[in-house]
$ cat target.cif   # mmCIF, C-alpha atoms
data_entry
#
loop_
_atom_site.group_PDB
_atom_site.id
_atom_site.type_symbol
_atom_site.label_atom_id
_atom_site.label_comp_id
_atom_site.auth_asym_id
_atom_site.auth_seq_id
_atom_site.Cartn_x
_atom_site.Cartn_y
_atom_site.Cartn_z
ATOM 1 C CA MET A 1 96.051 96.239 159.958
ATOM 2 C CA GLU A 2 95.509 95.164 163.583
ATOM 3 C CA ALA A 3 91.939 94.171 162.725
ATOM 4 C CA ASP A 4 93.173 92.050 159.811
ATOM 5 C CA LEU A 5 95.747 90.361 162.054
ATOM 6 C CA ALA A 6 93.175 89.648 164.751
ATOM 7 C CA SER A 7 90.844 88.223 162.112
ATOM 8 C CA ALA A 8 93.607 85.966 160.784
ATOM 9 C CA TYR A 9 94.352 84.632 164.265
ATOM 10 C CA GLU A 10 90.647 83.998 164.819
ATOM 11 C CA ARG A 11 90.458 82.136 161.510
ATOM 12 C CA CYS A 12 93.340 79.896 162.646
ATOM 13 C CA ARG A 13 91.702 79.335 166.029
ATOM 14 C CA ALA A 14 88.456 78.311 164.352
ATOM 15 C CA LEU A 15 90.265 75.803 162.144
ATOM 16 C CA HIS A 16 92.046 74.418 165.180
ATOM 17 C CA ARG A 17 88.847 74.095 167.170
ATOM 18 C CA GLN A 18 87.013 72.423 164.296
ATOM 19 C CA HIS A 19 89.657 69.937 163.205
ATOM 20 C CA GLY A 20 92.150 69.492 166.049
ATOM 21 C CA ARG A 21 89.890 68.488 168.915
ATOM 22 C CA THR A 22 92.543 66.813 171.069
ATOM 23 C CA TYR A 23 95.293 69.336 170.541
ATOM 24 C CA TYR A 24 92.879 72.242 170.853
ATOM 25 C CA LEU A 25 91.928 71.035 174.331
ATOM 26 C CA ALA A 26 95.603 70.807 175.293
ATOM 27 C CA THR A 27 96.301 74.279 173.893
ATOM 28 C CA ARG A 28 93.689 75.760 176.226
ATOM 29 C CA LEU A 29 96.074 74.940 179.087
ATOM 30 C CA LEU A 30 98.697 77.352 177.738
ATOM 31 C CA PRO A 31 98.981 80.970 178.856
ATOM 32 C CA ALA A 32 96.581 83.064 176.779
ATOM 33 C CA TRP A 33 99.350 84.967 174.984
ATOM 34 C CA LYS A 34 100.848 81.732 173.633
ATOM 35 C CA ARG A 35 97.615 80.160 172.447
ATOM 36 C CA ARG A 36 97.084 82.275 169.365
ATOM 37 C CA HIS A 37 100.558 81.441 168.075
ATOM 38 C CA VAL A 38 99.867 77.723 168.393
ATOM 39 C CA HIS A 39 96.555 78.281 166.609
ATOM 40 C CA ALA A 40 98.471 80.049 163.831
ATOM 41 C CA LEU A 41 100.793 77.102 163.271
ATOM 42 C CA TYR A 42 97.891 74.676 163.351
ATOM 43 C CA GLY A 43 95.963 76.864 160.902
ATOM 44 C CA PHE A 44 98.911 76.909 158.504
ATOM 45 C CA THR A 45 99.334 73.150 158.521
ATOM 46 C CA ARG A 46 95.628 72.431 158.411
ATOM 47 C CA TYR A 47 94.910 74.794 155.525
ATOM 48 C CA ALA A 48 97.664 73.219 153.422
ATOM 49 C CA ASP A 49 96.246 69.805 154.257
ATOM 50 C CA GLU A 50 92.788 70.997 153.241
ATOM 51 C CA ILE A 51 94.129 72.031 149.809
ATOM 52 C CA VAL A 52 95.565 68.541 149.346
ATOM 53 C CA ASP A 53 92.799 66.412 150.862
ATOM 54 C CA ARG A 54 89.553 68.388 150.534
ATOM 55 C CA THR A 55 89.778 69.162 146.822
ATOM 56 C CA GLU A 56 89.738 65.554 145.614
ATOM 57 C CA ALA A 57 87.201 66.319 142.899
ATOM 58 C CA LEU A 58 89.884 68.351 141.113
ATOM 59 C CA PRO A 59 92.581 66.789 138.908
ATOM 60 C CA PRO A 60 95.963 66.381 140.672
ATOM 61 C CA GLU A 61 97.505 69.137 138.559
ATOM 62 C CA ASP A 62 94.834 71.615 139.679
ATOM 63 C CA ARG A 63 95.338 70.701 143.334
ATOM 64 C CA ALA A 64 99.095 71.070 142.872
ATOM 65 C CA ALA A 65 98.537 74.489 141.290
ATOM 66 C CA ARG A 66 96.437 75.598 144.268
ATOM 67 C CA LEU A 67 99.091 74.449 146.726
ATOM 68 C CA THR A 68 101.814 76.172 144.710
ATOM 69 C CA GLU A 69 99.834 79.399 144.509
ATOM 70 C CA TRP A 70 99.223 79.427 148.256
ATOM 71 C CA SER A 71 102.858 78.543 148.978
ATOM 72 C CA GLU A 72 104.034 81.388 146.763
ATOM 73 C CA SER A 73 101.736 83.797 148.585
ATOM 74 C CA PHE A 74 103.308 82.641 151.852
ATOM 75 C CA VAL A 75 106.829 83.188 150.495
ATOM 76 C CA SER A 76 105.828 86.645 149.280
ATOM 77 C CA GLY A 77 104.636 87.437 152.779
ATOM 78 C CA LEU A 78 107.984 86.324 154.180
ATOM 79 C CA ARG A 79 109.574 88.930 151.898
ATOM 80 C CA GLY A 80 107.365 91.578 153.457
ATOM 81 C CA GLU A 81 104.930 91.846 150.574
ATOM 82 C CA PRO A 82 101.188 92.241 151.286
ATOM 83 C CA VAL A 83 99.219 88.980 151.267
ATOM 84 C CA ASP A 84 95.539 88.632 150.468
ATOM 85 C CA ASP A 85 94.745 85.568 152.560
ATOM 86 C CA PRO A 86 92.455 84.938 155.540
ATOM 87 C CA LEU A 87 95.058 83.274 157.780
ATOM 88 C CA LEU A 88 98.605 83.894 156.501
ATOM 89 C CA PRO A 89 98.997 87.238 158.321
ATOM 90 C CA ALA A 90 98.767 85.367 161.628
ATOM 91 C CA VAL A 91 101.317 82.789 160.501
ATOM 92 C CA LEU A 92 103.741 85.445 159.278
ATOM 93 C CA HIS A 93 103.335 87.402 162.504
ATOM 94 C CA THR A 94 104.060 84.290 164.599
ATOM 95 C CA ILE A 95 107.174 83.535 162.542
ATOM 96 C CA ALA A 96 108.408 87.070 163.107
ATOM 97 C CA VAL A 97 107.651 87.131 166.844
ATOM 98 C CA PHE A 98 109.554 83.910 167.538
ATOM 99 C CA ASP A 99 112.075 84.082 164.683
ATOM 100 C CA LEU A 100 110.981 80.639 163.522
ATOM 101 C CA ASP A 101 113.113 78.785 160.987
ATOM 102 C CA VAL A 102 111.419 79.281 157.625
ATOM 103 C CA ASP A 103 113.159 76.166 156.298
ATOM 104 C CA ASP A 104 110.829 74.141 158.523
ATOM 105 C CA PHE A 105 107.858 75.596 156.668
ATOM 106 C CA ALA A 106 109.419 74.793 153.291
ATOM 107 C CA THR A 107 110.018 71.213 154.444
ATOM 108 C CA PHE A 108 106.410 70.957 155.568
ATOM 109 C CA LEU A 109 105.093 72.206 152.221
ATOM 110 C CA ARG A 110 107.332 69.695 150.422
ATOM 111 C CA SER A 111 105.632 66.851 152.286
ATOM 112 C CA MET A 112 102.199 68.252 151.471
ATOM 113 C CA ALA A 113 103.159 68.224 147.785
ATOM 114 C CA MET A 114 104.229 64.572 148.151
ATOM 115 C CA ASP A 115 100.646 63.704 149.116
ATOM 116 C CA LEU A 116 99.511 64.789 145.663
ATOM 117 C CA THR A 117 101.476 62.086 143.859
ATOM 118 C CA ILE A 118 102.643 59.443 146.368
ATOM 119 C CA THR A 119 100.128 56.906 147.670
ATOM 120 C CA SER A 120 102.424 54.468 149.495
ATOM 121 C CA TYR A 121 105.881 54.161 151.044
ATOM 122 C CA GLU A 122 108.127 51.165 150.515
ATOM 123 C CA THR A 123 110.084 51.312 153.787
ATOM 124 C CA TYR A 124 109.826 53.042 157.136
ATOM 125 C CA ASP A 125 112.814 55.180 156.186
ATOM 126 C CA ASP A 126 110.822 56.342 153.149
ATOM 127 C CA LEU A 127 107.886 57.177 155.409
ATOM 128 C CA LEU A 128 110.209 59.000 157.807
ATOM 129 C CA ASP A 129 111.335 61.179 154.904
ATOM 130 C CA TYR A 130 107.710 62.217 154.430
ATOM 131 C CA MET A 131 107.131 62.625 158.176
ATOM 132 C CA GLU A 132 110.206 64.840 158.462
ATOM 133 C CA GLY A 133 108.043 67.542 156.900
ATOM 134 C CA SER A 134 104.585 66.454 157.973
ATOM 135 C CA ALA A 135 105.473 65.874 161.634
ATOM 136 C CA ALA A 136 109.054 66.321 162.881
ATOM 137 C CA VAL A 137 109.354 69.957 161.832
ATOM 138 C CA ILE A 138 106.065 70.725 163.574
ATOM 139 C CA GLY A 139 107.884 69.928 166.785
ATOM 140 C CA THR A 140 110.721 72.304 165.995
ATOM 141 C CA MET A 141 108.258 75.017 164.936
ATOM 142 C CA MET A 142 106.442 74.666 168.235
ATOM 143 C CA LEU A 143 109.482 74.596 170.514
ATOM 144 C CA PRO A 144 110.245 78.350 170.509
ATOM 145 C CA ILE A 145 106.598 79.105 171.319
ATOM 146 C CA LEU A 146 106.463 76.597 174.153
ATOM 147 C CA GLY A 147 109.866 77.730 175.426
ATOM 148 C CA SER A 148 112.508 75.565 177.066
ATOM 149 C CA SER A 149 115.237 75.746 179.680
ATOM 150 C CA ASP A 150 117.458 73.767 177.286
ATOM 151 C CA PRO A 151 116.305 74.177 173.661
ATOM 152 C CA ILE A 152 119.139 72.046 172.306
ATOM 153 C CA ALA A 153 118.282 69.075 174.527
ATOM 154 C CA ALA A 154 114.540 69.551 173.921
ATOM 155 C CA ARG A 155 114.817 69.658 170.119
ATOM 156 C CA GLU A 156 115.009 65.936 169.332
ATOM 157 C CA PRO A 157 112.269 64.980 171.821
ATOM 158 C CA ALA A 158 110.072 67.640 170.179
ATOM 159 C CA ARG A 159 110.727 66.053 166.782
ATOM 160 C CA GLN A 160 110.005 62.598 168.196
ATOM 161 C CA LEU A 161 106.705 63.786 169.623
ATOM 162 C CA GLY A 162 105.702 65.055 166.201
ATOM 163 C CA LEU A 163 106.526 61.642 164.723
ATOM 164 C CA ALA A 164 104.606 59.883 167.507
ATOM 165 C CA PHE A 165 101.499 61.993 166.899
ATOM 166 C CA GLN A 166 101.691 61.491 163.123
ATOM 167 C CA LEU A 167 102.107 57.724 163.322
ATOM 168 C CA THR A 168 99.214 57.572 165.788
ATOM 169 C CA ASN A 169 97.068 59.349 163.190
ATOM 170 C CA PHE A 170 98.164 56.909 160.477
ATOM 171 C CA ILE A 171 97.228 53.942 162.665
ATOM 172 C CA ARG A 172 93.842 55.392 163.603
ATOM 173 C CA ASP A 173 93.008 56.517 160.055
ATOM 174 C CA VAL A 174 93.885 53.422 157.998
ATOM 175 C CA ALA A 175 90.320 53.092 156.699
ATOM 176 C CA GLU A 176 89.955 56.812 155.971
ATOM 177 C CA ASP A 177 93.271 56.926 154.112
ATOM 178 C CA LEU A 178 92.313 53.891 152.028
ATOM 179 C CA GLU A 179 89.281 55.836 150.816
ATOM 180 C CA ARG A 180 91.771 58.401 149.481
ATOM 181 C CA ASP A 181 93.787 55.605 147.865
ATOM 182 C CA ARG A 182 96.639 56.115 150.335
ATOM 183 C CA VAL A 183 98.425 53.668 152.609
ATOM 184 C CA TYR A 184 100.903 55.235 154.989
ATOM 185 C CA LEU A 185 101.912 51.985 156.676
ATOM 186 C CA PRO A 186 105.074 50.875 154.829
ATOM 187 C CA VAL A 187 104.870 48.179 152.166
ATOM 188 C CA GLU A 188 107.695 46.282 153.890
ATOM 189 C CA ASP A 189 105.590 46.154 157.069
ATOM 190 C CA LEU A 190 102.626 44.754 155.176
ATOM 191 C CA ALA A 191 104.897 42.131 153.637
ATOM 192 C CA ARG A 192 106.193 41.198 157.104
ATOM 193 C CA PHE A 193 102.648 40.032 157.896
ATOM 194 C CA GLU A 194 101.996 38.564 154.422
ATOM 195 C CA LEU A 195 99.676 41.390 153.451
ATOM 196 C CA THR A 196 99.139 43.553 150.401
ATOM 197 C CA ARG A 197 97.143 46.752 150.107
ATOM 198 C CA ASP A 198 94.133 44.719 148.945
ATOM 199 C CA ASP A 199 94.273 42.728 152.184
ATOM 200 C CA LEU A 200 93.648 45.808 154.337
ATOM 201 C CA ARG A 201 90.034 45.101 155.158
ATOM 202 C CA PRO A 202 87.836 44.319 158.175
ATOM 203 C CA GLY A 203 88.089 40.884 159.717
ATOM 204 C CA ASN A 204 91.569 39.989 158.511
ATOM 205 C CA PRO A 205 93.523 38.792 161.581
ATOM 206 C CA LYS A 206 96.845 39.550 159.891
ATOM 207 C CA VAL A 207 95.834 43.209 159.688
ATOM 208 C CA LYS A 208 95.390 43.258 163.454
ATOM 209 C CA SER A 209 98.921 41.875 163.862
ATOM 210 C CA LEU A 210 100.199 44.614 161.567
ATOM 211 C CA ILE A 211 98.423 47.290 163.590
ATOM 212 C CA ALA A 212 99.841 45.882 166.836
ATOM 213 C CA TYR A 213 103.318 46.135 165.310
ATOM 214 C CA GLU A 214 102.765 49.753 164.295
ATOM 215 C CA VAL A 215 101.389 50.622 167.745
ATOM 216 C CA SER A 216 104.587 49.322 169.336
ATOM 217 C CA ARG A 217 106.633 51.417 166.901
ATOM 218 C CA ALA A 218 104.621 54.532 167.732
ATOM 219 C CA ARG A 219 105.126 53.930 171.439
ATOM 220 C CA ARG A 220 108.884 53.942 170.910
ATOM 221 C CA HIS A 221 108.591 57.467 169.479
ATOM 222 C CA TYR A 222 106.562 58.483 172.544
ATOM 223 C CA ALA A 223 109.288 57.037 174.788
ATOM 224 C CA PHE A 224 111.955 59.091 172.996
ATOM 225 C CA ALA A 225 109.763 62.196 173.286
ATOM 226 C CA ALA A 226 108.960 61.911 177.000
ATOM 227 C CA PRO A 227 112.215 63.440 178.382
ATOM 228 C CA GLY A 228 111.588 66.670 176.479
ATOM 229 C CA ILE A 229 108.389 67.707 178.239
ATOM 230 C CA PRO A 230 109.989 68.460 181.656
ATOM 231 C CA LEU A 231 112.480 70.663 179.772
ATOM 232 C CA LEU A 232 109.713 72.981 178.546
ATOM 233 C CA ASP A 233 108.800 76.258 180.212
ATOM 234 C CA PRO A 234 106.735 75.401 183.323
ATOM 235 C CA ALA A 235 103.704 77.212 181.886
ATOM 236 C CA SER A 236 103.813 75.004 178.772
ATOM 237 C CA GLN A 237 104.185 71.618 180.425
ATOM 238 C CA ALA A 238 100.534 70.984 181.277
ATOM 239 C CA CYS A 239 99.592 71.545 177.639
ATOM 240 C CA MET A 240 102.121 69.082 176.292
ATOM 241 C CA ARG A 241 101.551 66.517 179.042
ATOM 242 C CA THR A 242 97.886 66.555 178.073
ATOM 243 C CA ALA A 243 98.587 66.254 174.353
ATOM 244 C CA TYR A 244 101.096 63.467 175.018
ATOM 245 C CA GLN A 245 98.661 61.462 177.150
ATOM 246 C CA LEU A 246 95.626 61.994 174.921
ATOM 247 C CA TYR A 247 97.348 61.107 171.656
ATOM 248 C CA GLY A 248 98.886 58.104 173.388
ATOM 249 C CA GLY A 249 95.386 57.345 174.616
ATOM 250 C CA ILE A 250 94.293 56.848 171.008
ATOM 251 C CA LEU A 251 96.708 53.914 170.878
ATOM 252 C CA ASP A 252 95.154 52.622 174.108
ATOM 253 C CA GLU A 253 91.757 52.702 172.404
ATOM 254 C CA VAL A 254 93.121 50.865 169.366
ATOM 255 C CA GLU A 255 94.507 48.182 171.666
ATOM 256 C CA ALA A 256 91.212 47.966 173.586
ATOM 257 C CA ALA A 257 89.409 47.376 170.275
ATOM 258 C CA GLY A 258 91.658 44.395 169.555
ATOM 259 C CA TYR A 259 93.623 46.404 166.974
ATOM 260 C CA ASP A 260 90.537 46.656 164.760
ATOM 261 C CA VAL A 261 90.822 50.052 163.068
ATOM 262 C CA PHE A 262 87.895 49.421 160.722
ATOM 263 C CA ALA A 263 84.996 49.011 163.162
ATOM 264 C CA ARG A 264 85.161 52.583 164.416
ATOM 265 C CA ARG A 265 87.509 55.536 164.611
ATOM 266 C CA ALA A 266 89.461 55.294 167.863
ATOM 267 C CA THR A 267 88.779 58.261 170.142
ATOM 268 C CA VAL A 268 89.536 58.987 173.784
ATOM 269 C CA PRO A 269 86.342 59.254 175.895
ATOM 270 C CA ASN A 270 85.451 62.741 177.131
ATOM 271 C CA SER A 271 85.708 61.626 180.748
ATOM 272 C CA ARG A 272 89.313 60.581 180.262
ATOM 273 C CA ARG A 273 90.119 63.742 178.299
ATOM 274 C CA ALA A 274 88.913 65.890 181.193
ATOM 275 C CA SER A 275 90.726 63.869 183.857
ATOM 276 C CA VAL A 276 93.995 63.938 181.907
ATOM 277 C CA ALA A 277 93.795 67.724 181.573
ATOM 278 C CA VAL A 278 93.135 68.165 185.288
ATOM 279 C CA ARG A 279 95.964 65.821 186.276
ATOM 280 C CA SER A 280 98.345 67.650 183.954
ATOM 281 C CA LEU A 281 97.452 70.988 185.531
ATOM 282 C CA LEU A 282 98.087 69.564 188.990
ATOM 283 C CA THR A 283 101.419 67.946 188.090
ATOM 284 C CA ARG A 284 104.471 69.759 189.402
ATOM 285 C CA PRO A 285 106.562 71.207 186.513
ATOM 286 C CA GLY A 286 109.672 69.170 185.910
ATOM 287 C CA THR A 287 108.038 65.873 186.856
ATOM 288 C CA PRO A 288 109.148 63.114 184.448
ATOM 289 C CA VAL A 289 106.562 61.928 181.969
ATOM 290 C CA ARG A 290 105.693 58.251 181.951
ATOM 291 C CA SER A 291 106.012 56.787 178.463
#

$ encode --input "target.cif" --output "structure tokens"
Amino acid sequence: MEADLASAYERCRALHRQHGRTYYLATRLLPAWKRRHVHALYGFTRYADEIVDRTEALPPEDRAARLTEWSESFVSGLRGEPVDDPLLPAVLHTIAVFDLDVDDFATFLRSMAMDLTITSYETYDDLLDYMEGSAAVIGTMMLPILGSSDPIAAREPARQLGLAFQLTNFIRDVAEDLERDRVYLPVEDLARFELTRDDLRPGNPKVKSLIAYEVSRARRHYAFAAPGIPLLDPASQACMRTAYQLYGGILDEVEAAGYDVFARRATVPNSRRASVAVRSLLTRPGTPVRS
């Protein structure tokens, strides 16, 4: 049993290392005993995303069936039943150790199911409904693992940080999402700049204005999230300061490219990644975070 659990945690860590480059770096700044639990949550979310996004050759109903089957296996595990899965034992163990709210996981899986049938969102409120599961609840899942001197006060900033990270991904990945026939930027925002989905292409100056608008919106989420980081356990603050700065740094790179998200995928240079991590480690716990 212990060998199976260790293997499941290692499977989650491998997924995290392969797909979550920025957050994986930040997680390395956590105490060793916390890291595997963060890997477990990342593994859970990533594997569900893989079912939705990496099985595109299958009809939607088959992808939905796979997600349902995996979700049901997860629920069975919550009931204490044995699960035959390479990573769920780690997730279930993490939930038990920290008494995580299982409703957050149900909300997350609901949003993953939305990706199977919904390819655009009319308003930002509609998108926020999706991001409630895909992003905000990730913050509340993480909070008990990170620890806080004031969990009630830290809860909304944690949710806001999840939203900030998710919107940053949507901005960076416009071209990639279009290849999957998805547009996460709200239709009403496109209309604000006299754009339609078909207008989302390289060289269109109106697209750059749209991206600048979305960057400013994402930065507002970062500003709302900033007060929560000094409320975390001191040993967790360097991790989240690093994640905060590096994900925000993706927006810096988008701005530096003139808001052109088609020429290349915006990434933070390795030199900056290393310097941010070092600065975060050297920052006194409790120091306010600059938004």

$ atom_distance --input "target.cif" --atom1 "CA of Ala243 in chain A" --atom2 "CA of Leu29 in chain A"
10.2 Å

$ closest_residue --input "target.cif" --among "A:Met142, A:Met240, A:Ala223, A:Leu178" --to "Val38 in chain A" --atoms "only C-alpha atoms"
A:Met142

$ resolve_selection --input "target.cif" --expression "the PyMOL selection byres ((chain A and resi 107) around 12)" --output "PyMOL selection string"
chain A and resi 45+71+101-106+108-114+129-138+140-141

$ closest_residue --input "target.cif" --among "A:Ile118, A:Leu232, A:Leu210, A:Cys239" --to "Ser149 in chain A" --atoms "all atoms listed in the file"
A:Leu232

$ atom_distance --input "target.cif" --atom1 "CA of Arg66 in chain A" --atom2 "CA of Arg17 in chain A"
24.2 Å

$ residues_around --input "target.cif" --residues "Glu156 in chain A" --least-positions-apart "3" --cutoff "10 Å" --atoms "all atoms listed in the file" --output "list in words"
Ala136, Gly139, Thr140, Pro151, Ile152, Ala153, Arg159, Gln160, Leu161, Gly162, Phe224, Ala225, Pro227 and Gly228 of chain A

$ closest_residue --input "target.cif" --among "A:Ala8, A:Ile211, A:Leu246, A:Leu25" --to "Tyr184 in chain A" --atoms "all atoms listed in the file"
A:Ile211

$ residues_around --input "target.cif" --residues "Arg264 in chain A" --least-positions-apart "2" --cutoff "10 Å" --atoms "all atoms listed in the file" --output "list in words"
Arg172, Asp173, Ala175, Val254, Ala257, Asp260, Val261, Phe262, Ala266 and Thr267 of chain A

$ atom_distance --input "target.cif" --atom1 "CA of Leu30 in chain A" --atom2 "CA of Val289 in chain A"
17.8 Å

$ closest_residue --input "target.cif" --among "A:Arg36, A:Tyr124, A:Asp115, A:Pro144" --to "Leu87 in chain A" --atoms "all atoms listed in the file"
A:Arg36

$ closest_residue --input "target.cif" --among "A:Pro89, A:Pro234, A:Pro31, A:Pro60" --to "Ala6 in chain A" --atoms "only C-alpha atoms"
A:Pro89

$ residues_around --input "target.cif" --residues "Ala218 in chain A" --least-positions-apart "5" --cutoff "8 Å" --atoms "all atoms listed in the file" --output "PyMOL selection string"
chain A and resi 163-164+167-168

$ closest_residue --input "target.cif" --among "A:Thr94, A:Asp85, A:Leu282, A:Gln237" --to "Glu72 in chain A" --atoms "all atoms listed in the file"
A:Asp85

$ build_atoms --input "target.cif" --residues "range 154-182 of chain A" --atoms "N, CA and C atoms" --output "PDB file, in the coordinates of the input"
ATOM      1  N   ALA A 154     115.973  69.777 174.142  1.00  0.00           N
ATOM      2  CA  ALA A 154     114.540  69.551 173.921  1.00  0.00           C
ATOM      3  C   ALA A 154     114.199  69.358 172.445  1.00  0.00           C
ATOM      4  N   ARG A 155     115.131  69.666 171.552  1.00  0.00           N
ATOM      5  CA  ARG A 155     114.817  69.658 170.119  1.00  0.00           C
ATOM      6  C   ARG A 155     114.459  68.260 169.611  1.00  0.00           C
ATOM      7  N   GLU A 156     115.299  67.268 169.869  1.00  0.00           N
ATOM      8  CA  GLU A 156     115.009  65.936 169.332  1.00  0.00           C
ATOM      9  C   GLU A 156     113.761  65.334 169.966  1.00  0.00           C
ATOM     10  N   PRO A 157     113.545  65.460 171.276  1.00  0.00           N
ATOM     11  CA  PRO A 157     112.269  64.980 171.821  1.00  0.00           C
ATOM     12  C   PRO A 157     111.060  65.657 171.170  1.00  0.00           C
ATOM     13  N   ALA A 158     111.177  66.951 170.849  1.00  0.00           N
ATOM     14  CA  ALA A 158     110.072  67.640 170.179  1.00  0.00           C
ATOM     15  C   ALA A 158     109.813  67.029 168.808  1.00  0.00           C
ATOM     16  N   ARG A 159     110.874  66.708 168.085  1.00  0.00           N
ATOM     17  CA  ARG A 159     110.727  66.053 166.782  1.00  0.00           C
ATOM     18  C   ARG A 159     110.088  64.672 166.957  1.00  0.00           C
ATOM     19  N   GLN A 160     110.535  63.935 167.962  1.00  0.00           N
ATOM     20  CA  GLN A 160     110.005  62.598 168.196  1.00  0.00           C
ATOM     21  C   GLN A 160     108.521  62.637 168.553  1.00  0.00           C
ATOM     22  N   LEU A 161     108.118  63.677 169.279  1.00  0.00           N
ATOM     23  CA  LEU A 161     106.705  63.786 169.623  1.00  0.00           C
ATOM     24  C   LEU A 161     105.870  64.038 168.377  1.00  0.00           C
ATOM     25  N   GLY A 162     106.391  64.857 167.471  1.00  0.00           N
ATOM     26  CA  GLY A 162     105.702  65.055 166.201  1.00  0.00           C
ATOM     27  C   GLY A 162     105.540  63.743 165.441  1.00  0.00           C
ATOM     28  N   LEU A 163     106.596  62.945 165.402  1.00  0.00           N
ATOM     29  CA  LEU A 163     106.526  61.642 164.723  1.00  0.00           C
ATOM     30  C   LEU A 163     105.535  60.712 165.413  1.00  0.00           C
ATOM     31  N   ALA A 164     105.538  60.733 166.753  1.00  0.00           N
ATOM     32  CA  ALA A 164     104.606  59.883 167.507  1.00  0.00           C
ATOM     33  C   ALA A 164     103.166  60.251 167.195  1.00  0.00           C
ATOM     34  N   PHE A 165     102.860  61.549 167.196  1.00  0.00           N
ATOM     35  CA  PHE A 165     101.499  61.993 166.899  1.00  0.00           C
ATOM     36  C   PHE A 165     101.099  61.585 165.474  1.00  0.00           C
ATOM     37  N   GLN A 166     102.019  61.793 164.515  1.00  0.00           N
ATOM     38  CA  GLN A 166     101.691  61.491 163.123  1.00  0.00           C
ATOM     39  C   GLN A 166     101.438  60.004 162.921  1.00  0.00           C
ATOM     40  N   LEU A 167     102.295  59.162 163.491  1.00  0.00           N
ATOM     41  CA  LEU A 167     102.107  57.724 163.322  1.00  0.00           C
ATOM     42  C   LEU A 167     100.826  57.259 164.010  1.00  0.00           C
ATOM     43  N   THR A 168     100.498  57.880 165.134  1.00  0.00           N
ATOM     44  CA  THR A 168      99.214  57.572 165.788  1.00  0.00           C
ATOM     45  C   THR A 168      98.051  57.870 164.849  1.00  0.00           C
ATOM     46  N   ASN A 169      98.116  59.009 164.160  1.00  0.00           N
ATOM     47  CA  ASN A 169      97.068  59.349 163.190  1.00  0.00           C
ATOM     48  C   ASN A 169      96.991  58.313 162.069  1.00  0.00           C
ATOM     49  N   PHE A 170      98.159  57.890 161.568  1.00  0.00           N
ATOM     50  CA  PHE A 170      98.164  56.909 160.477  1.00  0.00           C
ATOM     51  C   PHE A 170      97.524  55.593 160.912  1.00  0.00           C
ATOM     52  N   ILE A 171      97.807  55.184 162.148  1.00  0.00           N
ATOM     53  CA  ILE A 171      97.228  53.942 162.665  1.00  0.00           C
ATOM     54  C   ILE A 171      95.713  54.082 162.801  1.00  0.00           C
ATOM     55  N   ARG A 172      95.273  55.172 163.391  1.00  0.00           N
ATOM     56  CA  ARG A 172      93.842  55.392 163.603  1.00  0.00           C
ATOM     57  C   ARG A 172      93.091  55.505 162.283  1.00  0.00           C
ATOM     58  N   ASP A 173      93.719  56.119 161.271  1.00  0.00           N
ATOM     59  CA  ASP A 173      93.008  56.517 160.055  1.00  0.00           C
ATOM     60  C   ASP A 173      93.253  55.591 158.866  1.00  0.00           C
ATOM     61  N   VAL A 174      93.618  54.337 159.110  1.00  0.00           N
ATOM     62  CA  VAL A 174      93.885  53.422 157.998  1.00  0.00           C
ATOM     63  C   VAL A 174      92.700  53.373 157.035  1.00  0.00           C
ATOM     64  N   ALA A 175      91.501  53.206 157.564  1.00  0.00           N
ATOM     65  CA  ALA A 175      90.320  53.092 156.699  1.00  0.00           C
ATOM     66  C   ALA A 175      90.063  54.384 155.930  1.00  0.00           C
ATOM     67  N   GLU A 176      90.179  55.518 156.619  1.00  0.00           N
ATOM     68  CA  GLU A 176      89.955  56.812 155.971  1.00  0.00           C
ATOM     69  C   GLU A 176      90.980  57.058 154.870  1.00  0.00           C
ATOM     70  N   ASP A 177      92.229  56.714 155.121  1.00  0.00           N
ATOM     71  CA  ASP A 177      93.271  56.926 154.112  1.00  0.00           C
ATOM     72  C   ASP A 177      93.063  56.020 152.902  1.00  0.00           C
ATOM     73  N   LEU A 178      92.596  54.798 153.143  1.00  0.00           N
ATOM     74  CA  LEU A 178      92.313  53.891 152.028  1.00  0.00           C
ATOM     75  C   LEU A 178      91.273  54.483 151.088  1.00  0.00           C
ATOM     76  N   GLU A 179      90.294  55.197 151.651  1.00  0.00           N
ATOM     77  CA  GLU A 179      89.281  55.836 150.816  1.00  0.00           C
ATOM     78  C   GLU A 179      89.894  56.901 149.914  1.00  0.00           C
ATOM     79  N   ARG A 180      91.042  57.429 150.305  1.00  0.00           N
ATOM     80  CA  ARG A 180      91.771  58.401 149.481  1.00  0.00           C
ATOM     81  C   ARG A 180      92.861  57.728 148.644  1.00  0.00           C
ATOM     82  N   ASP A 181      92.807  56.395 148.608  1.00  0.00           N
ATOM     83  CA  ASP A 181      93.787  55.605 147.865  1.00  0.00           C
ATOM     84  C   ASP A 181      95.202  55.815 148.398  1.00  0.00           C
ATOM     85  N   ARG A 182      95.324  55.974 149.715  1.00  0.00           N
ATOM     86  CA  ARG A 182      96.639  56.115 150.335  1.00  0.00           C
ATOM     87  C   ARG A 182      96.813  55.062 151.416  1.00  0.00           C
TER      88      ARG A 182
END
